[in-house]
Amino acid sequence: MFVAAGLNSVGILLGGGVGSVMASWIVNGICPVDIAAFSIERALPFENSLRFRTERTVEQLGVLFGDGAFPTFHQHSARGIRRTPLHEHWARAGAYFAVSAGWEYPEWFSPTGENAHVPWTWGRGYWTPLIAEEHRTIREAVGVMDMTLMSKFLVQGPGAAAILDRLSANDVVGAIGRVVYTQWCNDRGGGMADLTVTRLDEDRFMVVVSDVSHRRVERMLLDELREGEFATVTDITAGMVILSVQGPNSRDLLSRVSPDDLSNEALPYLTGKEIEVGYSRVLALRVTYVGELGYELYVPADQAASVWETLEAAGGDLGLKPVGLGALHSLRLEKGYRDYGVDIDNTDTPVSAGLAFAVAWDKPTTFNGKAALEALRTDRTSRLVGVLLDDPKPVLHGGEPVLKDGVWTGYLQVGAFGFTLGAPVGLATIDHAEGVTADWLAEPGFEVIVAGVPYQATLSLRPFYDPDRARIHA
């Protein structure tokens with residue numbers, strides 16, 4: 001059964017588009033556009049409470065035609081619903097809180113403990129140098145980000161490995177302790193989720209995905225269970241705090257508070273193991289989303305405050321600071337890391353998104369979308385590539401046209417200022433019938449149009465920051 005509902009206020013405006021999408025979906029079995037922003041999958045149970053709907057509906061209707069488009073816009077109604085156990089610690093440290101999927105998260109920290117009003121603007125503001133300093137903290141010292149808003153699921157039982165193997169384009173059924181980055185695709189090869197799978201034991205796995213994909217991933221796991229198979233899916237999101245400890249001093253910091261061996265030999269990149277931190281035993285994954293030596297600590301929620309206080313007490317001379325997710329945005333774009341729901345969606349494939357390295361082409365399992373991806377494997381007519389402007393003045397947000405020799409060839413998906421690179425950086429979808437290749441991208445003549453003004457740009461398939469990943473493997 002297909003239902004198109006909830007078109008209050010914009011029903012006539014959306015009618016043609018919704019009708020076209022629904023007809024295509026019913027006939028072909030796959031939605032032809034990304035509908036994550038208005039699919040029922042976006043909604044969480046607490047958003048169905050009477051109080052939430054009463055407050056948020058009024059505000060959302062008021063910002064529908066413009067105000068909500070500003071990159072600095074955040075809802076003011078129905079706030080403070082989901083708070084990590086470290087919320088009050090961050091508040092005392094001067095956090096400016098934004099909201100995603102109901103989670104209150106620090107976007108930046110003010111050293112004075114005060115944050116002025118944030119206007120709706122497309123420009124830079126008083127927060128820009130604060131984010132720049134936090135960006136440098138991770139590049140040059142060590143920062144800790146509270147990533148508890150990430151969705152976390154335990155998949156356990158004798159059928160767990162088979163279910164995850166069929167869903168995942170990459171080979172996730174490997175050695176215990178291995179962390180695997182992968183995509184889950186539909187039958188056309190379109191990415192339905194972008195996540196990591198960690199094998200904790202023979203029949204025990206942890207799936208970690210962004211907050212915006214929470215209900216979709218949960219449903220995909222449950223739907224994949226076949227007759228005769230047994231596995232359980234447990235949502236542990238609220239029970240585990242993620243402290244992302246990132247930067248060149250991260251190993252030194254953790255070594256001060258843990259008796260465990262954290263060397264490259266004992267804990268290589270993309271592996272995980274249980275370690276002690278202070279009084280607690282936590283799961284430590286050697287992963288990064290910023291392009292530095294780093295670790296994610298999965299801490300039982302009741303011990304999160306203790307673990308943070310242990311890190312804070314040990315890291316003063318190492319330059320340790322709490323870091324907001326505003327800096328995460330610029331850090332990950334310097335490395336060209338993708339963000340599902342922002343840069344890529346179900347209309348992109350791992351091939352077009354530049355993520356073919358995360359497809360286990362030779363694994364025997366017929367994973368979802370395998371045939372479609374094999375047919376697209378050599379297609380280079382459309383690619384997501386890195387963009388770096390020559391001029392530091394423009395502000396990139398996404399949606400800006402990209403021209404080659406004056407002819408439109410694509411558009412920015414997302415942008416930020418790369419404080420390490422010293423210029424605006426972003427990711428763009430580029431189309432070229434003869435192939436989006438490294439040689440073609442190296443040619444002169446690329447420009448990005450920002451507010452009507454053309455700016456010279458460099459495009460690349462490789463990251464602009466540390467393309468050989470030397471810092472990650474430090």
# chains A, B, ... in the order shown; residues from 1 in each chain; ligands from 1
$ residues_around --residues "Gly6 in chain A" --least-positions-apart "2" --cutoff "12 Å" --atoms "only C-alpha atoms" --output "VMD selection string"
chain A and resid 3 to 4 8 to 12 14 to 15 18 38 to 40 57
$ residues_around --residues "Ala101 in chain A" --least-positions-apart "6" --cutoff "9 Å" --atoms "only C-alpha atoms" --output "list in words"
Arg42, Ala43, Leu44, Arg82, Leu149, Asp211 and Val212 of chain A
$ write_last_selection --atoms "all heavy atoms" --output "mmCIF file, in the first residue's frame"
data_model
loop_
_atom_site.group_PDB
_atom_site.id
_atom_site.type_symbol
_atom_site.label_atom_id
_atom_site.label_comp_id
_atom_site.auth_asym_id
_atom_site.auth_seq_id
_atom_site.Cartn_x
_atom_site.Cartn_y
_atom_site.Cartn_z
ATOM 1 N N ARG A 42 11.603 9.654 8.348
ATOM 2 C CA ARG A 42 12.332 10.729 9.041
ATOM 3 C C ARG A 42 11.820 10.924 10.467
ATOM 4 O O ARG A 42 12.539 11.452 11.324
ATOM 5 C CB ARG A 42 12.189 12.040 8.276
ATOM 6 C CG ARG A 42 10.854 12.751 8.525
ATOM 7 C CD ARG A 42 10.591 13.902 7.588
ATOM 8 N NE ARG A 42 9.424 14.676 7.979
ATOM 9 C CZ ARG A 42 8.173 14.299 7.794
ATOM 10 N NH1 ARG A 42 7.921 13.121 7.233
ATOM 11 N NH2 ARG A 42 7.164 15.057 8.174
ATOM 12 N N ALA A 43 10.575 10.526 10.730
ATOM 13 C CA ALA A 43 9.923 10.853 11.992
ATOM 14 C C ALA A 43 10.274 9.847 13.076
ATOM 15 O O ALA A 43 10.369 8.645 12.831
ATOM 16 C CB ALA A 43 8.404 10.908 11.801
ATOM 17 N N LEU A 44 10.473 10.358 14.276
ATOM 18 C CA LEU A 44 10.789 9.531 15.443
ATOM 19 C C LEU A 44 9.596 9.527 16.398
ATOM 20 O O LEU A 44 8.770 10.443 16.375
ATOM 21 C CB LEU A 44 12.032 10.081 16.133
ATOM 22 C CG LEU A 44 13.301 9.962 15.273
ATOM 23 C CD1 LEU A 44 14.366 10.930 15.749
ATOM 24 C CD2 LEU A 44 13.813 8.536 15.285
ATOM 25 N N ARG A 82 16.166 15.581 23.484
ATOM 26 C CA ARG A 82 17.187 14.529 23.550
ATOM 27 C C ARG A 82 18.530 15.174 23.900
ATOM 28 O O ARG A 82 19.065 15.971 23.131
ATOM 29 C CB ARG A 82 17.287 13.788 22.211
ATOM 30 C CG ARG A 82 15.976 13.231 21.728
ATOM 31 C CD ARG A 82 16.119 12.553 20.384
ATOM 32 N NE ARG A 82 16.597 11.172 20.505
ATOM 33 C CZ ARG A 82 16.866 10.398 19.452
ATOM 34 N NH1 ARG A 82 16.747 10.866 18.231
ATOM 35 N NH2 ARG A 82 17.272 9.160 19.637
ATOM 36 N N LEU A 149 24.759 11.400 18.951
ATOM 37 C CA LEU A 149 23.588 11.418 18.074
ATOM 38 C C LEU A 149 23.651 10.368 16.964
ATOM 39 O O LEU A 149 22.637 10.059 16.330
ATOM 40 C CB LEU A 149 23.384 12.806 17.478
ATOM 41 C CG LEU A 149 24.538 13.510 16.739
ATOM 42 C CD1 LEU A 149 24.836 12.918 15.397
ATOM 43 C CD2 LEU A 149 24.207 14.993 16.589
ATOM 44 N N ASP A 211 22.289 9.919 12.284
ATOM 45 C CA ASP A 211 20.985 10.037 12.928
ATOM 46 C C ASP A 211 19.837 10.129 11.931
ATOM 47 O O ASP A 211 18.739 9.649 12.197
ATOM 48 C CB ASP A 211 20.972 11.241 13.873
ATOM 49 C CG ASP A 211 21.346 12.535 13.176
ATOM 50 O OD1 ASP A 211 22.131 12.491 12.209
ATOM 51 O OD2 ASP A 211 20.873 13.610 13.598
ATOM 52 N N VAL A 212 20.080 10.717 10.757
ATOM 53 C CA VAL A 212 18.987 10.908 9.793
ATOM 54 C C VAL A 212 18.571 9.592 9.141
ATOM 55 O O VAL A 212 17.498 9.524 8.527
ATOM 56 C CB VAL A 212 19.384 11.931 8.704
ATOM 57 C CG1 VAL A 212 19.681 13.282 9.317
ATOM 58 C CG2 VAL A 212 20.576 11.443 7.892
#
$ residues_around --residues "range 321-337 of chain A" --least-positions-apart "6" --cutoff "7 Å" --atoms "only C-alpha atoms" --output "VMD selection string"
chain A and resid 106 to 109 131 to 132 134 to 135 142 to 145 289 to 291 386 416 to 418 425 to 427 463 to 465
$ residues_around --residues "Val233 in chain A" --least-positions-apart "6" --cutoff "7 Å" --atoms "only C-alpha atoms" --output "list in words"
Phe153, Leu154, Val155 and Gln156 of chain A
$ write_last_selection --atoms "N, CA, C and O atoms" --output "PDB file, in the first residue's frame"
ATOM      1  N   PHE A 153      23.247   0.206  16.441  1.00  0.00           N
ATOM      2  CA  PHE A 153      22.444  -1.012  16.555  1.00  0.00           C
ATOM      3  C   PHE A 153      23.357  -2.216  16.787  1.00  0.00           C
ATOM      4  O   PHE A 153      24.407  -2.335  16.147  1.00  0.00           O
ATOM      5  N   LEU A 154      22.934  -3.091  17.685  1.00  0.00           N
ATOM      6  CA  LEU A 154      23.570  -4.391  17.831  1.00  0.00           C
ATOM      7  C   LEU A 154      22.770  -5.402  17.020  1.00  0.00           C
ATOM      8  O   LEU A 154      21.535  -5.485  17.153  1.00  0.00           O
ATOM      9  N   VAL A 155      23.448  -6.140  16.156  1.00  0.00           N
ATOM     10  CA  VAL A 155      22.821  -7.195  15.375  1.00  0.00           C
ATOM     11  C   VAL A 155      23.465  -8.500  15.824  1.00  0.00           C
ATOM     12  O   VAL A 155      24.674  -8.700  15.653  1.00  0.00           O
ATOM     13  N   GLN A 156      22.655  -9.370  16.430  1.00  0.00           N
ATOM     14  CA  GLN A 156      23.204 -10.550  17.085  1.00  0.00           C
ATOM     15  C   GLN A 156      22.419 -11.800  16.705  1.00  0.00           C
ATOM     16  O   GLN A 156      21.231 -11.724  16.382  1.00  0.00           O
TER      17      GLN A 156
END
$ closest_residue --among "A:Glu312, A:Ser263, A:Gln60, A:Thr182" --to "Ala93 in chain A" --atoms "only C-alpha atoms"
A:Glu312
